[in-house]
$ cat query.csv   # CSV, C-alpha atoms and all ligand atoms
chain,number,residue,atom,x,y,z
A,1,MET,CA,0.0,0.0,0.0
A,2,GLY,CA,3.1,2.2,-0.3
A,3,ASN,CA,3.0,5.1,2.0
A,4,THR,CA,-0.8,5.2,2.3
A,5,GLN,CA,-1.7,6.4,5.8
A,6,ILE,CA,-4.5,4.3,7.4
A,7,THR,CA,-6.5,5.0,10.5
A,8,PHE,CA,-8.6,2.5,12.3
A,9,ILE,CA,-11.5,3.8,14.3
A,10,GLY,CA,-12.2,1.1,16.9
A,11,ALA,CA,-9.4,-1.2,17.8
A,12,GLY,CA,-11.3,-4.4,18.5
A,13,ASN,CA,-11.0,-7.9,17.0
A,14,MET,CA,-11.5,-7.0,13.4
A,15,ALA,CA,-9.2,-4.0,13.5
A,16,ALA,CA,-6.5,-6.1,15.2
A,17,SER,CA,-6.8,-8.8,12.5
A,18,LEU,CA,-6.6,-6.3,9.7
A,19,ILE,CA,-3.6,-4.5,11.3
A,20,GLY,CA,-1.9,-7.9,11.8
A,21,GLY,CA,-2.6,-8.8,8.2
A,22,LEU,CA,-1.3,-5.5,6.9
A,23,CYS,CA,1.9,-5.8,8.9
A,24,LYS,CA,2.4,-9.4,7.7
A,25,GLN,CA,2.2,-8.1,4.2
A,26,GLY,CA,5.0,-5.6,4.9
A,27,VAL,CA,3.0,-2.4,5.4
A,28,ASN,CA,5.1,0.0,7.5
A,29,ALA,CA,3.7,0.3,11.0
A,30,GLU,CA,4.3,4.0,10.9
A,31,CYS,CA,1.6,4.3,8.3
A,32,ILE,CA,-1.0,2.7,10.6
A,33,ARG,CA,-2.9,4.4,13.4
A,34,ALA,CA,-5.7,3.2,15.6
A,35,SER,CA,-8.1,5.1,17.9
A,36,ASP,CA,-10.3,3.5,20.6
A,37,PRO,CA,-11.5,4.6,24.0
A,38,GLY,CA,-10.1,1.4,25.5
A,39,LEU,CA,-6.5,1.8,26.5
A,40,GLY,CA,-6.0,-2.0,26.8
A,41,ALA,CA,-6.8,-2.7,23.2
A,42,LEU,CA,-4.5,0.1,22.0
A,43,GLU,CA,-1.6,-1.0,24.3
A,44,ALA,CA,-1.9,-4.5,22.9
A,45,LEU,CA,-1.7,-3.2,19.3
A,46,GLN,CA,1.2,-0.9,20.1
A,47,ASN,CA,3.1,-3.8,21.7
A,48,SER,CA,2.5,-6.2,18.9
A,49,TYR,CA,2.9,-3.9,15.9
A,50,ALA,CA,4.4,-0.5,17.1
A,51,ILE,CA,1.6,1.4,15.4
A,52,ARG,CA,0.5,4.9,16.5
A,53,THR,CA,-2.4,5.0,18.8
A,54,PHE,CA,-5.0,7.7,19.8
A,55,SER,CA,-7.9,8.1,22.1
A,56,ASP,CA,-9.3,11.1,20.2
A,57,ASN,CA,-10.9,9.9,16.9
A,58,GLY,CA,-10.8,13.4,15.3
A,59,LEU,CA,-7.0,13.7,15.9
A,60,ALA,CA,-6.4,10.2,14.7
A,61,ILE,CA,-7.8,10.9,11.2
A,62,LYS,CA,-5.9,14.1,10.6
A,63,GLY,CA,-3.9,13.8,7.4
A,64,THR,CA,-4.7,10.2,6.9
A,65,ASP,CA,-5.6,8.8,3.4
A,66,VAL,CA,-7.9,5.9,4.5
A,67,ILE,CA,-10.3,5.7,7.5
A,68,VAL,CA,-11.5,2.3,8.5
A,69,LEU,CA,-14.6,2.3,10.6
A,70,ALA,CA,-14.3,-0.8,12.7
A,71,VAL,CA,-16.8,0.0,15.6
A,72,LYS,CA,-20.0,-1.9,16.3
A,73,PRO,CA,-23.0,-0.8,14.2
A,74,GLN,CA,-24.8,0.5,17.3
A,75,VAL,CA,-22.2,3.2,17.9
A,76,MET,CA,-21.6,4.1,14.2
A,77,ARG,CA,-23.8,7.1,14.0
A,78,HIS,CA,-22.3,8.7,17.1
A,79,VAL,CA,-18.8,7.9,15.9
A,80,CYS,CA,-19.5,9.4,12.4
A,81,GLU,CA,-21.1,12.5,13.7
A,82,GLN,CA,-18.1,13.0,15.9
A,83,LEU,CA,-15.7,12.6,12.9
A,84,ALA,CA,-17.7,14.9,10.6
A,85,PRO,CA,-16.0,18.2,11.6
A,86,SER,CA,-12.5,16.7,11.0
A,87,ILE,CA,-13.0,14.6,7.9
A,88,THR,CA,-12.2,15.8,4.3
A,89,GLN,CA,-13.6,14.8,0.9
A,90,GLN,CA,-10.2,13.5,-0.2
A,91,GLN,CA,-10.2,10.8,2.5
A,92,LEU,CA,-11.5,7.3,1.7
A,93,VAL,CA,-13.9,5.8,4.3
A,94,ILE,CA,-14.1,2.0,4.6
A,95,SER,CA,-16.8,0.6,6.8
A,96,ILE,CA,-16.8,-3.0,7.9
A,97,ALA,CA,-19.9,-2.6,10.1
A,98,ALA,CA,-22.8,-4.9,9.3
A,99,GLY,CA,-26.0,-3.2,8.3
A,100,ILE,CA,-25.0,0.4,7.9
A,101,ASN,CA,-25.5,1.6,4.3
A,102,CYS,CA,-23.4,4.1,2.3
A,103,ASP,CA,-26.2,6.7,2.3
A,104,SER,CA,-26.3,6.8,6.1
A,105,LEU,CA,-22.5,6.9,6.4
A,106,SER,CA,-22.4,9.7,3.8
A,107,ARG,CA,-25.1,11.7,5.6
A,108,TRP,CA,-23.5,11.3,9.0
A,109,LEU,CA,-20.0,12.0,7.9
A,110,GLY,CA,-20.6,14.6,5.2
A,111,VAL,CA,-18.3,12.8,2.6
A,112,ASN,CA,-19.0,10.7,-0.4
A,113,ALA,CA,-16.0,8.3,-1.1
A,114,ILE,CA,-17.2,5.3,0.8
A,115,VAL,CA,-16.5,1.5,0.6
A,116,ARG,CA,-18.8,-0.8,2.5
A,117,CYS,CA,-17.5,-4.2,3.3
A,118,MET,CA,-18.8,-7.4,4.8
A,119,PRO,CA,-16.0,-9.6,6.1
A,120,ASN,CA,-16.6,-12.8,8.0
A,121,THR,CA,-15.2,-14.3,11.2
A,122,PRO,CA,-12.3,-16.4,9.6
A,123,ALA,CA,-10.8,-13.0,8.8
A,124,LEU,CA,-9.6,-13.3,12.5
A,125,ILE,CA,-7.2,-16.0,11.3
A,126,GLN,CA,-6.6,-14.3,7.9
A,127,GLN,CA,-8.8,-16.9,6.1
A,128,GLY,CA,-11.8,-14.6,5.6
A,129,VAL,CA,-13.8,-13.7,2.5
A,130,SER,CA,-15.3,-10.2,2.1
A,131,GLY,CA,-17.8,-8.6,-0.2
A,132,LEU,CA,-17.0,-5.0,-1.1
A,133,TYR,CA,-19.1,-2.2,-2.6
A,134,ALA,CA,-17.8,1.2,-3.6
A,135,THR,CA,-19.9,4.4,-4.2
A,136,LYS,CA,-19.3,6.2,-7.5
A,137,TYR,CA,-17.1,8.8,-5.8
A,138,VAL,CA,-14.4,6.2,-5.0
A,139,SER,CA,-11.4,6.6,-7.3
A,140,ALA,CA,-9.6,3.7,-9.0
A,141,GLN,CA,-6.7,4.2,-6.6
A,142,GLN,CA,-9.0,4.2,-3.6
A,143,ARG,CA,-10.6,1.0,-4.8
A,144,GLU,CA,-7.2,-0.6,-5.0
A,145,GLN,CA,-6.4,0.6,-1.4
A,146,ALA,CA,-9.7,-1.0,-0.2
A,147,GLN,CA,-8.9,-4.2,-2.1
A,148,GLN,CA,-5.4,-4.4,-0.6
A,149,LEU,CA,-6.7,-3.7,2.9
A,150,LEU,CA,-9.3,-6.5,2.9
A,151,SER,CA,-7.0,-8.9,1.1
A,152,ALA,CA,-4.8,-8.7,4.2
A,153,VAL,CA,-7.4,-11.0,5.9
A,154,GLY,CA,-8.4,-13.2,3.0
A,155,LEU,CA,-10.2,-13.0,-0.3
A,156,ALA,CA,-11.9,-9.7,-1.4
A,157,VAL,CA,-14.8,-9.8,-3.9
A,158,TRP,CA,-16.3,-6.7,-5.5
A,159,LEU,CA,-20.1,-6.2,-5.8
A,160,ASP,CA,-21.9,-4.0,-8.4
A,161,GLN,CA,-24.9,-3.2,-6.2
A,162,GLU,CA,-25.0,-2.3,-2.5
A,163,GLN,CA,-28.1,-4.4,-2.1
A,164,GLN,CA,-26.0,-7.5,-2.8
A,165,ILE,CA,-24.4,-7.0,0.7
A,166,ASP,CA,-27.5,-8.8,2.2
A,167,ALA,CA,-26.8,-11.8,0.0
A,168,VAL,CA,-23.1,-11.7,1.0
A,169,THR,CA,-24.1,-11.5,4.6
A,170,ALA,CA,-26.4,-14.6,4.1
A,171,VAL,CA,-23.8,-16.7,2.2
A,172,SER,CA,-20.4,-15.8,3.7
A,173,GLY,CA,-21.1,-13.5,6.6
A,174,SER,CA,-23.2,-16.0,8.5
A,175,GLY,CA,-21.8,-18.9,6.5
A,176,PRO,CA,-19.1,-20.1,8.9
A,177,ALA,CA,-21.9,-21.0,11.4
A,178,TYR,CA,-23.5,-23.2,8.7
A,179,PHE,CA,-20.3,-25.2,8.4
A,180,PHE,CA,-20.0,-25.4,12.2
A,181,LEU,CA,-23.5,-26.8,12.2
A,182,LEU,CA,-22.6,-29.5,9.7
A,183,ILE,CA,-19.4,-30.4,11.6
A,184,GLU,CA,-21.6,-30.6,14.8
A,185,ALA,CA,-24.2,-32.8,13.1
A,186,MET,CA,-21.5,-35.1,11.5
A,187,THR,CA,-19.7,-35.4,14.8
A,188,ALA,CA,-22.9,-36.4,16.6
A,189,ALA,CA,-23.7,-38.9,13.8
A,190,GLY,CA,-20.2,-40.4,14.1
A,191,ILE,CA,-20.6,-40.8,17.9
A,192,LYS,CA,-24.0,-42.6,17.3
A,193,LEU,CA,-22.2,-44.9,15.0
A,194,GLY,CA,-19.8,-45.9,17.8
A,195,LEU,CA,-16.8,-43.5,17.4
A,196,PRO,CA,-15.2,-41.9,20.5
A,197,ALA,CA,-16.4,-38.3,20.7
A,198,GLU,CA,-12.9,-36.8,20.1
A,199,THR,CA,-12.3,-39.0,17.1
A,200,ALA,CA,-15.6,-38.2,15.6
A,201,ALA,CA,-14.9,-34.4,16.0
A,202,GLN,CA,-11.5,-34.7,14.5
A,203,LEU,CA,-12.8,-36.6,11.5
A,204,ALA,CA,-15.6,-34.1,10.9
A,205,LYS,CA,-13.4,-31.0,11.3
A,206,TYR,CA,-10.5,-32.2,9.2
A,207,THR,CA,-12.8,-33.5,6.5
A,208,ALA,CA,-14.4,-30.0,6.3
A,209,GLN,CA,-10.9,-28.4,6.1
A,210,GLY,CA,-9.7,-30.9,3.4
A,211,ALA,CA,-12.8,-30.6,1.3
A,212,SER,CA,-12.8,-26.8,1.5
A,213,THR,CA,-9.1,-26.7,0.5
A,214,MET,CA,-9.7,-29.0,-2.4
A,215,ALA,CA,-12.7,-26.9,-3.6
A,216,CYS,CA,-10.7,-23.7,-3.3
A,217,GLN,CA,-7.6,-25.1,-5.1
A,218,SER,CA,-9.4,-27.0,-7.9
A,219,THR,CA,-10.5,-25.5,-11.2
A,220,LEU,CA,-13.6,-27.8,-11.1
A,221,GLU,CA,-16.9,-26.7,-9.6
A,222,ALA,CA,-18.1,-28.2,-6.3
A,223,ALA,CA,-20.7,-30.3,-8.1
A,224,GLN,CA,-18.0,-31.9,-10.3
A,225,LEU,CA,-15.8,-32.6,-7.4
A,226,ARG,CA,-18.8,-34.3,-5.7
A,227,GLN,CA,-19.6,-36.4,-8.7
A,228,GLN,CA,-15.9,-37.5,-8.9
A,229,VAL,CA,-16.1,-39.0,-5.4
A,230,THR,CA,-19.5,-40.5,-5.8
A,231,SER,CA,-19.3,-43.9,-7.4
A,232,PRO,CA,-22.5,-45.7,-8.5
A,233,ASN,CA,-24.0,-47.8,-5.7
A,234,GLY,CA,-21.3,-46.7,-3.4
A,235,THR,CA,-21.3,-45.3,0.2
A,236,THR,CA,-21.2,-41.7,-0.8
A,237,GLU,CA,-24.1,-42.1,-3.2
A,238,ALA,CA,-26.2,-43.6,-0.4
A,239,ALA,CA,-25.5,-40.6,1.8
A,240,ILE,CA,-26.0,-38.0,-1.0
A,241,GLY,CA,-29.3,-39.7,-1.9
A,242,THR,CA,-30.5,-39.4,1.7
A,243,PHE,CA,-29.6,-35.7,1.7
A,244,GLN,CA,-31.4,-35.0,-1.6
A,245,ASN,CA,-34.5,-37.0,-0.6
A,246,GLY,CA,-34.6,-34.9,2.5
A,247,GLY,CA,-34.7,-31.7,0.5
A,248,PHE,CA,-31.2,-30.6,1.3
A,249,ALA,CA,-30.7,-27.9,-1.4
A,250,GLU,CA,-34.2,-26.4,-0.8
A,251,LEU,CA,-33.5,-26.3,3.0
A,252,VAL,CA,-30.1,-24.5,2.4
A,253,GLU,CA,-31.8,-22.0,0.0
A,254,ALA,CA,-34.5,-21.3,2.6
A,255,ALA,CA,-31.9,-20.8,5.3
A,256,VAL,CA,-29.8,-18.5,3.2
A,257,ARG,CA,-32.9,-16.5,2.2
A,258,SER,CA,-34.0,-16.1,5.8
A,259,ALA,CA,-30.5,-14.7,6.7
A,260,ALA,CA,-30.7,-12.3,3.7
A,261,SER,CA,-34.1,-11.0,4.8
A,262,ARG,CA,-33.0,-10.6,8.4
A,263,SER,CA,-29.9,-8.7,7.1
A,264,ALA,CA,-32.1,-6.3,5.1
A,265,GLU,CA,-34.4,-5.8,8.1
A,266,LEU,CA,-31.5,-5.1,10.5
A,267,ALA,CA,-29.9,-2.7,8.0
A,268,GLN,CA,-33.2,-0.8,7.7
A,269,GLN,CA,-33.4,-0.4,11.5
A,270,LEU,CA,-29.7,0.7,11.8
A,271,SER,CA,-29.8,3.2,9.0
A,272,GLU,CA,-32.8,5.1,10.1
B,301,LIG,N1,-15.9,-10.0,14.2
B,301,LIG,C1,-16.4,-10.4,13.1
B,301,LIG,O1,-16.2,-11.6,12.7
B,301,LIG,C2,-17.0,-9.5,12.1
B,301,LIG,C3,-17.5,-9.9,10.9
B,301,LIG,C4,-18.1,-9.0,10.0
B,301,LIG,C5,-18.2,-7.7,10.3
B,301,LIG,N2,-17.8,-7.3,11.5
B,301,LIG,C6,-18.0,-5.9,11.9
B,301,LIG,O2,-16.8,-5.3,12.3
B,301,LIG,C7,-17.0,-4.3,13.3
B,301,LIG,C8,-16.1,-4.5,14.4
B,301,LIG,O3,-16.3,-5.8,15.0
B,301,LIG,P1,-15.4,-6.4,16.1
B,301,LIG,O4,-15.7,-7.8,16.2
B,301,LIG,O5,-14.0,-6.0,15.8
B,301,LIG,O6,-15.9,-5.6,17.4
B,301,LIG,P2,-15.2,-5.2,18.7
B,301,LIG,O7,-14.1,-6.2,19.0
B,301,LIG,O8,-16.2,-4.9,19.8
B,301,LIG,O9,-14.4,-3.8,18.4
B,301,LIG,C9,-15.0,-2.6,18.3
B,301,LIG,C10,-14.1,-1.6,19.1
B,301,LIG,O10,-14.6,-0.3,18.9
B,301,LIG,C11,-14.4,0.4,20.1
B,301,LIG,N3,-15.2,1.6,20.2
B,301,LIG,C12,-16.5,1.7,20.9
B,301,LIG,N4,-16.9,3.0,20.8
B,301,LIG,C13,-15.9,3.7,20.1
B,301,LIG,C14,-15.7,5.0,19.7
B,301,LIG,N5,-16.6,6.0,20.0
B,301,LIG,N6,-14.6,5.4,19.0
B,301,LIG,C15,-13.6,4.4,18.7
B,301,LIG,N7,-13.7,3.1,19.1
B,301,LIG,C16,-14.8,2.8,19.7
B,301,LIG,C17,-14.8,-0.7,21.1
B,301,LIG,O11,-14.3,-0.3,22.4
B,301,LIG,P3,-15.2,-0.9,23.7
B,301,LIG,O12,-15.0,-2.4,23.7
B,301,LIG,O13,-14.5,-0.2,24.9
B,301,LIG,O14,-16.6,-0.5,23.5
B,301,LIG,C18,-14.0,-1.9,20.6
B,301,LIG,O15,-12.7,-1.9,21.0
B,301,LIG,C19,-18.5,-4.4,13.7
B,301,LIG,O16,-19.2,-3.3,13.1
B,301,LIG,C20,-19.0,-5.7,13.0
B,301,LIG,O17,-20.3,-5.6,12.5
B,301,LIG,C21,-17.2,-8.1,12.4
$ encode --input "query.csv" --output "structure tokens"
Amino acid sequence: MGNTQITFIGAGNMAASLIGGLCKQGVNAECIRASDPGLGALEALQNSYAIRTFSDNGLAIKGTDVIVLAVKPQVMRHVCEQLAPSITQQQLVISIAAGINCDSLSRWLGVNAIVRCMPNTPALIQQGVSGLYATKYVSAQQREQAQQLLSAVGLAVWLDQEQQIDAVTAVSGSGPAYFFLLIEAMTAAGIKLGLPAETAAQLAKYTAQGASTMACQSTLEAAQLRQQVTSPNGTTEAAIGTFQNGGFAELVEAAVRSAASRSAELAQQLSE
């Protein structure tokens, strides 16, 4: 990111992961600032990465190129209104908060160059995936800065329409929990089939990891990979048939749809 100056407002879990990812990528710690009312969070970041820390948000954004809003959605309006007198039109604002739309951010801050992102929890171990949406006021260089920032904690995928953030929230934002649920159910089934609990859990977790890595590394689609490991009249076919007869795809679609509607509903409440 060259000498781009980045300020994080909120120094919690997500900010710490992004800062860790940026430092790992070789970004100079002198280019990174963080502001938070909690001294403990700031001290930890200072000790780990030697970044500059602030307890005054307005002071922290002075002269910075990129401002990352990494506070909880509930305090976002207050934080933005507090930043408004100090912010300039040249600064890029990147919000990682769930449910706050660009219009509200723009209204509260009084600026237009905004990127809204939806990361997910595996970003905490630099294995996340984020959906990104930029307003038309974001320059090509600023898009690149946002892309590099989110790439520090995993894969970054651009969206054409802000509304698609609800679908991203439903697929990848809430998605890790769906896989945890599957791991949970497979572990329970393994135990019922007579495996020791620890063994069943290890088999389920590492199968998820291996399958996911194969799917990410392969040029084949998931359906093709599945077909390749499903021999006629074999064990996998017996299980897949049971899933399909139970309406698995329809159930997943209904679950993802309900997450998307809930995301839209919460966004509506938070942006008022
Ligand atoms: N964690 C995830 O997996 C995840 C995934 C997707 C999106 N997000 C989004 O990322 C954002 C941050 O999440 P997080 O998990 O990192 O939360 P977090 O750990 O609670 O971090 C938020 C930080 O902001 C601080 N803060 C509160 N008021 C502030 C203010 N006025 N000025 C500056 N800092 C202030 C908080 O301090 P106190 O603790 O003292 O209040 C806390 O240290 C949220 O909006 C969330 O929706 C998170």
$ residues_near_ligand --input "query.csv" --ligand "ligand LIG 301 (chain B)" --cutoff "8 Å" --atoms "all atoms listed in the file" --output "PyMOL selection string"
chain A and resi 9-16+35-38+41+55-57+69-76+78-79+95-99+117-124+173
$ closest_residue --input "query.csv" --among "A:Ala260, A:Gln46, A:Gln224, A:Ser151" --to "A:Gln25" --atoms "only C-alpha atoms"
A:Ser151
$ residues_around --input "query.csv" --residues "A:Ala254" --least-positions-apart "6" --cutoff "12 Å" --atoms "only C-alpha atoms" --output "list of chain:residue names"
A:Ala170, A:Val171, A:Gly247, A:Phe248, A:Ala260, A:Ser261
$ closest_residue --input "query.csv" --among "A:Thr187, A:Ser17, A:Ser106, A:Ser271" --to "A:Ala204" --atoms "only C-alpha atoms"
A:Thr187
$ residues_around --input "query.csv" --residues "A:Gly58" --least-positions-apart "6" --cutoff "9 Å" --atoms "only C-alpha atoms" --output "list in words"
Gln82, Leu83, Ala84, Pro85, Ser86 and Ile87 of chain A
$ closest_residue --input "query.csv" --among "A:Ala238, A:Ile191, A:Cys23, A:Val129" --to "A:Ser172" --atoms "only C-alpha atoms"
A:Val129
$ residues_around --input "query.csv" --residues "stretch 251-253 of chain A" --least-positions-apart "4" --cutoff "12 Å" --atoms "all atoms listed in the file" --output "list in words"
Ala167, Ala170, Val171, Gly175, Tyr178, Phe179, Leu182, Phe243, Gln244, Asn245, Gly246, Gly247, Arg257, Ser258, Ala259 and Ala260 of chain A
$ residues_around --input "query.csv" --residues "A:Gln161" --least-positions-apart "2" --cutoff "9 Å" --atoms "all atoms listed in the file" --output "NGL selection string"
:A and (133-134 or 159 or 163-165)
$ residues_around --input "query.csv" --residues "A:Thr207" --least-positions-apart "6" --cutoff "10 Å" --atoms "only C-alpha atoms" --output "list in words"
Ile183, Ala201 and Thr213 of chain A
$ write_last_selection --input "query.csv" --atoms "C-alpha atoms" --output "PDB file, in the coordinates of the input"
ATOM      1  CA  ILE A 183     -19.400 -30.400  11.600  1.00  0.00           C
ATOM      2  CA  ALA A 201     -14.900 -34.400  16.000  1.00  0.00           C
ATOM      3  CA  THR A 213      -9.100 -26.700   0.500  1.00  0.00           C
TER       4      THR A 213
END
$ residues_near_point --input "query.csv" --point "(-8.7, -4.8, -7.2)" --cutoff "12 Å" --atoms "only C-alpha atoms" --output "MDAnalysis selection string"
chainID A and resid 132:134 139:151 155:159
$ closest_residue --input "query.csv" --among "A:Arg52, A:Gly241, A:Gln91, A:Cys80" --to "A:Thr64" --atoms "all atoms listed in the file"
A:Gln91
$ atom_distance --input "query.csv" --atom1 "atom CA of A:Ile6" --atom2 "atom CA of A:Lys24"
15.3 Å
$ residues_near_point --input "query.csv" --point "(-19.6, -35.2, 11.3)" --cutoff "12 Å" --atoms "all atoms listed in the file" --output "list in words"
Phe179, Phe180, Leu181, Leu182, Ile183, Glu184, Ala185, Met186, Thr187, Ala188, Ala189, Gly190, Ile191, Lys192, Leu193, Leu195, Ala197, Glu198, Thr199, Ala200, Ala201, Gln202, Leu203, Ala204, Lys205, Tyr206, Thr207 and Ala208 of chain A
$ atom_distance --input "query.csv" --atom1 "atom CA of A:Met214" --atom2 "atom CA of A:Ala239"
20.0 Å
$ closest_residue --input "query.csv" --among "A:Gly20, A:Thr4, A:Val168, A:Leu266" --to "A:Ser48" --atoms "all atoms listed in the file"
A:Gly20
$ atom_distance --input "query.csv" --atom1 "atom CA of A:Ile51" --atom2 "atom CA of A:Thr88"
22.8 Å
$ closest_residue --input "query.csv" --among "A:Leu270, A:Pro196, A:Thr135, A:Gln5" --to "A:Cys102" --atoms "only C-alpha atoms"
A:Thr135
$ build_atoms --input "query.csv" --residues "stretch 117-134 of chain A" --atoms "N, CA, C and O atoms" --output "tab-separated table (two decimals), in the frame of the given file"
chain	number	residue	atom	x	y	z
A	117	CYS	N	-17.94	-2.85	3.38
A	117	CYS	CA	-17.50	-4.20	3.30
A	117	CYS	C	-18.21	-5.15	4.24
A	117	CYS	O	-18.62	-4.71	5.30
A	118	MET	N	-18.32	-6.39	3.85
A	118	MET	CA	-18.80	-7.40	4.80
A	118	MET	C	-17.82	-8.53	4.87
A	118	MET	O	-17.77	-9.42	4.03
A	119	PRO	N	-16.96	-8.45	5.89
A	119	PRO	CA	-16.00	-9.60	6.10
A	119	PRO	C	-16.69	-10.70	6.86
A	119	PRO	O	-17.85	-10.57	7.23
A	120	ASN	N	-15.98	-11.80	7.11
A	120	ASN	CA	-16.60	-12.80	8.00
A	120	ASN	C	-15.53	-13.23	9.06
A	120	ASN	O	-14.37	-12.82	9.01
A	121	THR	N	-15.99	-14.01	10.04
A	121	THR	CA	-15.20	-14.30	11.20
A	121	THR	C	-13.80	-14.94	10.89
A	121	THR	O	-12.83	-14.62	11.56
A	122	PRO	N	-13.68	-15.84	9.90
A	122	PRO	CA	-12.30	-16.40	9.60
A	122	PRO	C	-11.30	-15.34	9.25
A	122	PRO	O	-10.11	-15.64	9.20
A	123	ALA	N	-11.73	-14.10	9.05
A	123	ALA	CA	-10.80	-13.00	8.80
A	123	ALA	C	-9.86	-12.90	10.08
A	123	ALA	O	-8.72	-12.47	9.98
A	124	LEU	N	-10.39	-13.32	11.22
A	124	LEU	CA	-9.60	-13.30	12.50
A	124	LEU	C	-8.37	-14.17	12.36
A	124	LEU	O	-7.39	-13.98	13.08
A	125	ILE	N	-8.39	-15.19	11.48
A	125	ILE	CA	-7.20	-16.00	11.30
A	125	ILE	C	-6.70	-15.86	9.81
A	125	ILE	O	-6.11	-16.77	9.24
A	126	GLN	N	-7.00	-14.68	9.25
A	126	GLN	CA	-6.60	-14.30	7.90
A	126	GLN	C	-7.07	-15.31	6.81
A	126	GLN	O	-6.41	-15.57	5.82
A	127	GLN	N	-8.23	-15.93	7.06
A	127	GLN	CA	-8.80	-16.90	6.10
A	127	GLN	C	-10.24	-16.43	5.77
A	127	GLN	O	-11.10	-17.26	5.49
A	128	GLY	N	-10.47	-15.12	5.80
A	128	GLY	CA	-11.80	-14.60	5.60
A	128	GLY	C	-12.14	-14.47	4.09
A	128	GLY	O	-11.30	-14.69	3.22
A	129	VAL	N	-13.40	-14.10	3.85
A	129	VAL	CA	-13.80	-13.70	2.50
A	129	VAL	C	-14.73	-12.49	2.72
A	129	VAL	O	-15.61	-12.52	3.59
A	130	SER	N	-14.51	-11.41	1.95
A	130	SER	CA	-15.30	-10.20	2.10
A	130	SER	C	-15.94	-9.77	0.82
A	130	SER	O	-15.32	-9.88	-0.24
A	131	GLY	N	-17.17	-9.24	0.92
A	131	GLY	CA	-17.80	-8.60	-0.20
A	131	GLY	C	-17.59	-7.09	-0.05
A	131	GLY	O	-17.72	-6.57	1.05
A	132	LEU	N	-17.24	-6.39	-1.16
A	132	LEU	CA	-17.00	-5.00	-1.10
A	132	LEU	C	-17.83	-4.21	-2.09
A	132	LEU	O	-17.99	-4.65	-3.24
A	133	TYR	N	-18.37	-3.07	-1.65
A	133	TYR	CA	-19.10	-2.20	-2.60
A	133	TYR	C	-18.59	-0.78	-2.43
A	133	TYR	O	-18.38	-0.28	-1.31
A	134	ALA	N	-18.37	-0.13	-3.58
A	134	ALA	CA	-17.80	1.20	-3.60
A	134	ALA	C	-18.87	2.20	-4.14
A	134	ALA	O	-19.51	1.89	-5.15
